[in-house]
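This is query_21.cif. It holds mmCIF, C-alpha atoms and all ligand atoms.
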```
data_query
#
loop_
_atom_site.label_atom_id
_atom_site.label_comp_id
_atom_site.auth_asym_id
_atom_site.auth_seq_id
_atom_site.Cartn_x
_atom_site.Cartn_y
_atom_site.Cartn_z
CA MET A 23 32.78 -17.88 -19.27
CA ASN A 24 29.33 -19.29 -18.75
CA GLU A 25 29.86 -21.62 -21.67
CA MET A 26 33.14 -22.85 -20.17
CA ARG A 27 31.49 -23.53 -16.85
CA GLN A 28 28.72 -25.49 -18.52
CA THR A 29 31.17 -27.54 -20.52
CA ARG A 30 33.19 -28.42 -17.44
CA ALA A 31 30.07 -29.41 -15.51
CA ALA A 32 28.94 -31.55 -18.40
CA GLN A 33 32.35 -33.22 -18.61
CA ARG A 34 32.33 -33.92 -14.90
CA ARG A 35 29.02 -35.72 -15.14
CA GLY A 36 29.78 -37.28 -18.48
CA VAL A 37 26.52 -36.09 -19.97
CA ASP A 38 25.40 -33.36 -22.26
CA GLU A 39 23.97 -30.50 -20.20
CA ILE A 40 20.78 -30.22 -22.21
CA THR A 41 19.80 -33.87 -22.41
CA GLY A 42 21.20 -34.69 -18.98
CA SER A 43 19.36 -35.62 -15.84
CA ARG A 44 18.37 -32.08 -14.98
CA ARG A 45 15.07 -31.24 -16.66
CA LEU A 46 13.19 -28.46 -14.92
CA ARG A 47 10.23 -28.91 -17.24
CA ARG A 48 9.44 -32.24 -15.53
CA MET A 49 7.59 -30.55 -12.70
CA ARG A 50 5.86 -28.09 -15.01
CA LYS A 51 4.14 -30.77 -17.04
CA ALA A 52 0.76 -30.83 -15.31
CA ASP A 53 -1.40 -28.62 -13.17
CA TRP A 54 -1.04 -30.94 -10.16
CA SER A 55 2.77 -30.94 -10.31
CA ARG A 56 2.94 -27.19 -10.78
CA ARG A 57 0.72 -26.75 -7.72
CA MET A 58 2.84 -29.23 -5.77
CA VAL A 59 6.09 -27.28 -6.21
CA ARG A 60 4.58 -23.78 -6.06
CA GLU A 61 6.54 -21.59 -3.64
CA SER A 62 4.27 -18.58 -3.18
CA THR A 63 0.52 -18.37 -2.79
CA LEU A 64 -1.90 -15.52 -2.55
CA THR A 65 -4.83 -15.67 -0.15
CA ALA A 66 -7.45 -13.20 1.07
CA ASP A 67 -5.35 -12.90 4.25
CA ASP A 68 -2.73 -11.05 2.22
CA LEU A 69 -5.03 -8.22 1.20
CA ILE A 70 -5.83 -4.80 2.62
CA LEU A 71 -8.63 -2.92 0.88
CA PRO A 72 -8.33 0.87 0.49
CA ILE A 73 -11.71 2.68 0.70
CA PHE A 74 -12.27 6.28 -0.44
CA LEU A 75 -14.74 8.32 1.61
CA ILE A 76 -17.04 11.23 0.79
CA GLU A 77 -19.57 13.23 2.79
CA GLY A 78 -23.27 12.52 2.34
CA GLU A 79 -25.54 9.55 2.57
CA ASP A 80 -26.20 6.46 0.51
CA ALA A 81 -24.16 7.66 -2.44
CA GLU A 82 -21.04 6.85 -4.41
CA GLU A 83 -18.97 8.70 -6.99
CA PRO A 84 -16.89 7.17 -9.74
CA ILE A 85 -13.19 8.01 -10.09
CA GLY A 86 -12.34 8.54 -13.75
CA ALA A 87 -8.79 7.23 -13.67
CA MET A 88 -9.66 4.21 -11.49
CA PRO A 89 -12.38 2.25 -13.30
CA GLY A 90 -14.22 0.01 -10.83
CA VAL A 91 -13.22 2.08 -7.78
CA VAL A 92 -15.64 4.61 -6.28
CA ARG A 93 -15.80 7.03 -3.37
CA HIS A 94 -18.31 5.91 -0.73
CA THR A 95 -20.38 7.76 1.82
CA VAL A 96 -19.77 6.41 5.34
CA ASP A 97 -22.91 4.23 5.38
CA ARG A 98 -21.87 2.64 2.07
CA ALA A 99 -18.29 2.21 3.30
CA VAL A 100 -19.69 0.16 6.17
CA ARG A 101 -21.36 -2.15 3.66
CA VAL A 102 -18.11 -2.49 1.72
CA ALA A 103 -16.29 -3.35 4.96
CA GLU A 104 -18.93 -6.02 5.67
CA ARG A 105 -18.39 -7.49 2.24
CA ALA A 106 -14.61 -7.45 2.70
CA ALA A 107 -14.95 -9.22 6.06
CA ARG A 108 -17.19 -11.89 4.55
CA LEU A 109 -14.56 -12.51 1.89
CA GLY A 110 -11.86 -12.97 4.53
CA ILE A 111 -9.99 -9.70 3.92
CA PRO A 112 -8.38 -8.88 7.29
CA ALA A 113 -8.30 -5.09 7.08
CA ILE A 114 -9.46 -2.00 5.23
CA ALA A 115 -7.67 1.36 4.89
CA THR A 116 -9.66 4.59 4.62
CA PHE A 117 -8.82 7.75 2.65
CA PRO A 118 -11.09 10.82 2.76
CA ASN A 119 -12.05 13.21 0.00
CA VAL A 120 -12.59 16.27 2.16
CA PRO A 121 -14.87 19.08 0.86
CA VAL A 122 -12.61 21.86 -0.44
CA ALA A 123 -14.27 24.38 1.90
CA ARG A 124 -12.90 22.38 4.85
CA ARG A 125 -9.29 22.39 3.63
CA ASP A 126 -6.88 25.06 4.82
CA GLU A 127 -3.18 26.01 4.96
CA THR A 128 -2.42 23.79 8.00
CA GLY A 129 -4.89 21.00 7.38
CA SER A 130 -6.66 21.81 10.64
CA ALA A 131 -9.63 19.51 9.94
CA ILE A 132 -7.36 16.53 10.64
CA LEU A 133 -7.75 17.59 14.29
CA ASP A 134 -11.54 17.43 14.18
CA PRO A 135 -12.62 14.37 16.20
CA ASP A 136 -15.68 14.12 13.94
CA ASN A 137 -13.96 14.44 10.59
CA LEU A 138 -14.78 12.03 7.78
CA ILE A 139 -12.07 9.51 8.70
CA ASN A 140 -13.04 9.36 12.35
CA ARG A 141 -16.77 9.09 11.64
CA ALA A 142 -16.09 6.24 9.21
CA THR A 143 -13.90 4.43 11.76
CA ARG A 144 -16.61 4.63 14.41
CA ALA A 145 -19.30 3.39 12.02
CA ILE A 146 -17.16 0.55 10.62
CA LYS A 147 -15.93 -0.66 14.02
CA ALA A 148 -19.51 -0.59 15.37
CA ALA A 149 -20.92 -2.63 12.47
CA VAL A 150 -17.96 -4.87 11.57
CA PRO A 151 -15.76 -5.17 14.68
CA GLU A 152 -13.99 -8.22 13.24
CA ILE A 153 -12.26 -6.28 10.46
CA GLY A 154 -9.09 -4.29 11.12
CA VAL A 155 -9.23 -0.57 10.39
CA VAL A 156 -6.11 1.22 9.12
CA THR A 157 -6.28 5.01 9.06
CA ASP A 158 -4.03 7.28 7.05
CA VAL A 159 -2.34 9.94 9.16
CA ALA A 160 -1.30 12.63 6.72
CA LEU A 161 -2.33 16.19 6.07
CA ASP A 162 -2.73 16.09 2.29
CA PRO A 163 -6.50 15.41 2.18
CA PHE A 164 -6.97 18.38 4.54
CA THR A 165 -4.59 21.03 3.18
CA SER A 166 -5.61 23.64 0.63
CA HIS A 167 -2.29 23.07 -1.17
CA GLY A 168 -2.39 19.26 -1.23
CA HIS A 169 0.94 18.79 0.57
CA ASP A 170 1.45 16.30 3.42
CA GLY A 171 2.91 18.97 5.65
CA ILE A 172 2.34 22.47 6.89
CA LEU A 173 3.63 24.92 4.31
CA ARG A 174 5.39 28.09 5.49
CA ASP A 175 7.04 30.44 2.99
CA GLY A 176 7.20 27.66 0.43
CA ILE A 177 8.78 25.17 2.82
CA ILE A 178 7.19 22.07 4.35
CA VAL A 179 7.95 22.48 8.04
CA ASN A 180 8.83 19.18 9.64
CA ASP A 181 8.43 19.41 13.39
CA GLU A 182 5.21 21.41 13.40
CA THR A 183 3.72 18.86 10.99
CA VAL A 184 4.83 15.99 13.21
CA ALA A 185 3.17 17.54 16.27
CA HIS A 186 -0.03 17.93 14.24
CA ILE A 187 -0.15 14.35 12.97
CA ALA A 188 0.74 12.87 16.37
CA GLN A 189 -2.36 14.61 17.75
CA ALA A 190 -4.39 13.40 14.78
CA ALA A 191 -3.26 9.82 15.45
CA VAL A 192 -4.58 10.07 19.01
CA LEU A 193 -7.98 11.26 17.72
CA GLN A 194 -8.04 8.38 15.24
CA ALA A 195 -7.25 5.96 18.06
CA ALA A 196 -10.03 7.46 20.16
CA ALA A 197 -12.40 6.84 17.23
CA GLY A 198 -11.42 3.17 17.37
CA THR A 199 -8.77 2.68 14.69
CA ASP A 200 -6.61 -0.42 15.04
CA ILE A 201 -3.62 0.74 13.03
CA VAL A 202 -2.42 4.25 12.23
CA ALA A 203 -0.48 4.57 9.01
CA PRO A 204 1.54 7.77 8.67
CA SER A 205 2.14 8.41 4.95
CA ASP A 206 3.80 11.82 5.08
CA MET A 207 7.53 10.97 5.37
CA MET A 208 8.30 13.69 7.93
CA ASP A 209 11.35 12.91 10.06
CA GLY A 210 10.63 11.68 13.58
CA ARG A 211 6.93 11.07 13.08
CA ILE A 212 6.86 7.45 14.23
CA GLY A 213 8.43 8.19 17.60
CA ALA A 214 6.17 11.19 18.14
CA ILE A 215 3.06 9.19 17.25
CA ARG A 216 4.10 6.27 19.49
CA ASP A 217 4.71 8.58 22.44
CA ALA A 218 1.42 10.41 21.90
CA LEU A 219 -0.57 7.17 21.59
CA ASP A 220 1.03 5.66 24.69
CA ALA A 221 0.52 8.82 26.74
CA ALA A 222 -3.16 8.85 25.77
CA GLY A 223 -3.67 5.22 26.80
CA PHE A 224 -3.59 3.69 23.31
CA ALA A 225 -0.62 1.38 23.75
CA ASP A 226 -2.45 -1.30 21.73
CA VAL A 227 -2.89 0.77 18.61
CA ALA A 228 -0.29 -0.34 16.07
CA ILE A 229 1.74 1.73 13.63
CA MET A 230 2.13 0.72 10.01
CA SER A 231 4.77 3.06 8.72
CA TYR A 232 4.91 4.13 5.10
CA ALA A 233 8.62 3.75 5.74
CA THR A 234 9.71 3.98 2.16
CA LYS A 235 7.48 6.20 0.16
CA PHE A 236 8.99 7.33 -3.10
CA ALA A 237 8.39 10.56 -5.03
CA SER A 238 6.47 8.75 -7.74
CA ALA A 239 4.39 9.48 -10.83
CA PHE A 240 2.23 6.47 -10.02
CA TYR A 241 0.10 8.36 -7.47
CA GLY A 242 -1.72 10.36 -10.18
CA PRO A 243 -5.15 8.66 -10.06
CA TYR A 244 -5.18 8.76 -6.23
CA ARG A 245 -4.87 12.51 -6.31
CA GLU A 246 -7.99 12.62 -8.46
CA ALA A 247 -9.69 10.25 -5.97
CA ILE A 248 -9.09 12.48 -2.95
CA GLY A 249 -9.34 15.71 -4.93
CA THR A 250 -5.79 17.02 -4.50
CA SER A 251 -4.66 16.95 -8.13
CA GLY A 252 -5.98 20.43 -8.90
CA LEU A 253 -4.63 21.85 -5.65
CA LEU A 254 -1.10 20.50 -5.42
CA LYS A 255 1.52 23.13 -6.15
CA GLY A 256 4.98 21.84 -6.96
CA ASP A 257 5.96 18.30 -6.05
CA LYS A 258 6.76 16.21 -2.98
CA LYS A 259 10.46 15.67 -3.67
CA THR A 260 11.62 17.43 -0.48
CA TYR A 261 9.97 14.77 1.68
CA TYR A 262 9.37 11.57 -0.34
CA ILE A 263 12.38 9.38 -1.28
CA ASP A 264 14.19 9.79 -4.61
CA PRO A 265 13.21 6.78 -6.82
CA ALA A 266 16.93 6.24 -7.47
CA ASN A 267 17.78 5.36 -3.86
CA THR A 268 17.87 2.03 -2.04
CA ASP A 269 20.25 2.68 0.86
CA GLU A 270 18.16 5.66 1.86
CA ALA A 271 15.08 3.39 1.95
CA LEU A 272 16.97 1.08 4.29
CA ARG A 273 17.94 3.96 6.57
CA GLU A 274 14.35 5.26 6.66
CA THR A 275 13.11 1.81 7.64
CA GLU A 276 15.78 1.31 10.28
CA GLN A 277 14.85 4.66 11.78
CA ASP A 278 11.10 3.95 11.79
CA LEU A 279 11.61 0.57 13.44
CA ALA A 280 13.86 2.13 16.08
CA GLU A 281 11.13 4.70 16.77
CA GLY A 282 8.51 1.99 17.27
CA ALA A 283 6.92 1.04 13.94
CA ASP A 284 5.21 -2.37 14.15
CA MET A 285 5.06 -2.85 10.38
CA VAL A 286 6.66 -1.19 7.41
CA MET A 287 5.37 -0.48 3.93
CA VAL A 288 6.91 0.09 0.54
CA LYS A 289 5.12 2.42 -1.86
CA PRO A 290 4.61 2.23 -4.84
CA GLY A 291 4.64 -1.54 -5.19
CA LEU A 292 5.56 -3.34 -8.37
CA PRO A 293 8.29 -0.92 -9.56
CA TYR A 294 9.88 -1.19 -6.09
CA LEU A 295 9.94 -4.94 -5.41
CA ASP A 296 13.71 -4.76 -4.96
CA ILE A 297 13.07 -2.54 -1.96
CA VAL A 298 10.55 -5.03 -0.53
CA TRP A 299 13.08 -7.82 -0.93
CA ARG A 300 15.90 -5.85 0.63
CA LEU A 301 13.81 -4.71 3.60
CA LYS A 302 12.54 -8.21 4.32
CA GLU A 303 16.06 -9.63 4.08
CA SER A 304 17.52 -6.90 6.29
CA PHE A 305 14.92 -6.48 9.02
CA ALA A 306 12.64 -9.55 9.02
CA VAL A 307 9.63 -7.55 10.19
CA PRO A 308 6.05 -7.49 8.84
CA THR A 309 6.50 -5.90 5.43
CA PHE A 310 3.73 -4.56 3.24
CA ALA A 311 3.52 -2.95 -0.16
CA TYR A 312 1.01 -0.55 -1.63
CA GLN A 313 -0.01 -1.39 -5.18
CA VAL A 314 -0.86 2.23 -5.87
CA SER A 315 -3.48 3.88 -8.01
CA GLY A 316 -1.30 4.24 -11.11
CA GLU A 317 -0.41 0.56 -11.04
CA TYR A 318 -4.11 -0.30 -10.80
CA ALA A 319 -4.98 2.15 -13.59
CA MET A 320 -2.34 0.74 -15.96
CA ILE A 321 -3.66 -2.80 -15.64
CA LYS A 322 -7.28 -1.66 -16.00
CA ALA A 323 -6.53 0.54 -19.01
CA ALA A 324 -4.55 -2.11 -20.87
CA ALA A 325 -7.25 -4.68 -20.13
CA ALA A 326 -10.00 -2.33 -21.32
CA ASN A 327 -8.13 -1.97 -24.61
CA GLY A 328 -7.85 -5.72 -24.96
CA TRP A 329 -4.05 -5.49 -24.76
CA ILE A 330 -3.65 -7.77 -21.75
CA ASP A 331 -5.82 -10.24 -19.88
CA GLY A 332 -6.76 -8.00 -16.96
CA GLU A 333 -7.70 -10.74 -14.54
CA ARG A 334 -4.51 -12.73 -15.08
CA ALA A 335 -2.39 -9.58 -14.86
CA MET A 336 -4.12 -8.71 -11.57
CA MET A 337 -3.43 -12.12 -10.04
CA GLU A 338 0.15 -12.24 -11.35
CA SER A 339 0.98 -8.75 -10.06
CA LEU A 340 -0.24 -9.64 -6.56
CA LEU A 341 1.58 -12.96 -6.54
CA ALA A 342 4.77 -11.09 -7.43
CA PHE A 343 4.47 -9.14 -4.17
CA LYS A 344 4.30 -12.40 -2.24
CA ARG A 345 7.32 -13.80 -4.07
CA ALA A 346 9.30 -10.66 -3.21
CA GLY A 347 8.60 -11.21 0.49
CA CYS A 348 5.50 -9.16 1.27
CA ASP A 349 3.32 -10.16 4.19
CA GLY A 350 0.44 -8.23 2.71
CA ILE A 351 -0.57 -5.84 -0.04
CA LEU A 352 -2.78 -2.78 -0.08
CA SER A 353 -4.58 -3.11 -3.38
CA TYR A 354 -7.59 -1.63 -5.13
CA PHE A 355 -8.07 -5.12 -6.57
CA ALA A 356 -8.62 -6.58 -3.08
CA LEU A 357 -12.36 -7.27 -3.40
CA GLU A 358 -12.06 -8.60 -6.93
CA VAL A 359 -9.18 -10.87 -5.97
CA ALA A 360 -10.84 -12.13 -2.80
CA GLU A 361 -13.97 -12.96 -4.81
CA ARG A 362 -11.92 -14.77 -7.39
CA LEU A 363 -10.06 -16.74 -4.69
CA ALA A 364 -13.34 -17.70 -3.02
CA GLU A 365 -14.66 -19.30 -6.23
C1 LIG A 401 -0.31 10.99 0.55
C2 LIG A 401 -0.79 9.73 -0.09
C3 LIG A 401 -0.47 9.32 -1.39
C4 LIG A 401 -1.15 8.13 -1.63
C5 LIG A 401 -1.84 7.82 -0.45
N1 LIG A 401 -1.61 8.82 0.48
C6 LIG A 401 0.49 9.90 -2.36
C7 LIG A 401 0.29 11.27 -2.83
O1 LIG A 401 -0.84 11.71 -3.12
O2 LIG A 401 1.29 11.94 -2.94
C8 LIG A 401 -1.13 7.37 -2.91
C9 LIG A 401 -1.97 6.16 -3.03
C10 LIG A 401 -2.18 5.70 -4.42
O3 LIG A 401 -1.65 6.26 -5.40
O4 LIG A 401 -2.92 4.71 -4.58
N2 LIG A 401 -0.27 11.00 1.93
#
```
Whole structure given in structure tokens:
Amino acid sequence: MNEMRQTRAAQRRGVDEITGSRRLRRMRKADWSRRMVRESTLTADDLILPIFLIEGEDAEEPIGAMPGVVRHTVDRAVRVAERAARLGIPAIATFPNVPVARRDETGSAILDPDNLINRATRAIKAAVPEIGVVTDVALDPFTSHGHDGILRDGIIVNDETVAHIAQAAVLQAAAGTDIVAPSDMMDGRIGAIRDALDAAGFADVAIMSYATKFASAFYGPYREAIGTSGLLKGDKKTYYIDPANTDEALRETEQDLAEGADMVMVKPGLPYLDIVWRLKESFAVPTFAYQVSGEYAMIKAAAANGWIDGERAMMESLLAFKRAGCDGILSYFALEVAERLAE
């Protein structure tokens, strides 16, 4: 079939297809010509840096499964945010590792105006007002069972969880966050958060919805980072999307946009670029992807073994997000990439 088509095209033009006028290698011959025809570029503007938080002062803790990434005390997180701002990274996203003693069945510490997230937001906005702060609105760092929702008789209860996180979003806004990012996948959370923010006078606080968050194995290292891996009972399949589904991802996104999401996110990233592409094509709204902990860990581990060139794999993976249609990427490589781009 393909062969027939080629033959006919060649006959039409009277030339052999291979040695004919069409030679795509012509523009690949030199660095200047490759740069001239390049379609996608990666800049620091495309990056959002996730920062893990711990209690204490002037300290950091390594994360075994994420070489190069550490948990920072709030004062250190401020310094990281300063560095990110200097490198031109537009925003950071914070994730707390809450002391186990402060976690409970309903994740009540998310409603503490002085919890780790809110203290970090205040400190970062005071010291580095020019960087955007994105805060995660989900219960999992605060629950004793590691789930993103309130657990009753073995079931994650939707509406009670939504009421809880809508209140938490208001407290985060009061602490000065610019963008709230609900990552729990409860139904109706975007509308509830929008209403709560507006009613409390925070009409300017934006919502970046984790619109399509899949039930993925690639979150493993993150659960070590925020200390939920030992706590989590069961899995998150009753609220995250089945990795097999695309139409469902579209419906989730449509719903979140109708409820007032300003931006949408796809998570994980690289294994789900088809979703990024389809969302961007369908909705034409600011679309982000989260290059999650497992994706980071795979590149780092292969590089540490000398199996791949880690730096090239890092740059290529991020460029792939841009090619697929992303407006930005949450990535643990953000600082490293921004430094590399500034060279
Ligand atoms: C949960 C949440 C997850 C991540 C961020 N927030 C997933 C999970 O633990 O189930 C994953 C981020 C990553 O893997 O880098 N609200």
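Reported to one decimal place, the separation of atom CA of Leu133 of chain A from atom CA of Asp217 of chain A is 17.4 Å.
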Item to check | Near-ligand residues for ligand LIG 401 (chain A), threshold 7 Å, all atoms listed in the file, as a list of chain:residue names | outcome: A:Ala160, A:Leu161, A:Asp162, A:Asp170, A:Ser205, A:Asp206, A:Phe240, A:Tyr241, A:Gly242, A:Pro243, A:Tyr244, A:Arg245, A:Lys258, A:Gln313, A:Val314, A:Ser315, A:Gly316
Checklist entry - How many Å separate atom CA of Leu340 of chain A from atom CA of Arg45 of chain A? => result 28.3 Å
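From atom CA of Cys348 of chain A back to atom CA of Leu193 of chain A, the distance works out to 29.5 Å.
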Checklist outcome for this item: The residue from A:Ala195, A:Ile229, A:Val159, A:Val184 with the smallest atom-to-atom distance to Lys147 of chain A, counting all atoms listed in the file, is A:Ala195
Item to check | Option closest in space to Ile263 of chain A, from A:Ile146, A:Ala107, A:Met207, A:Leu138 [counting only C-alpha atoms] | outcome: A:Met207
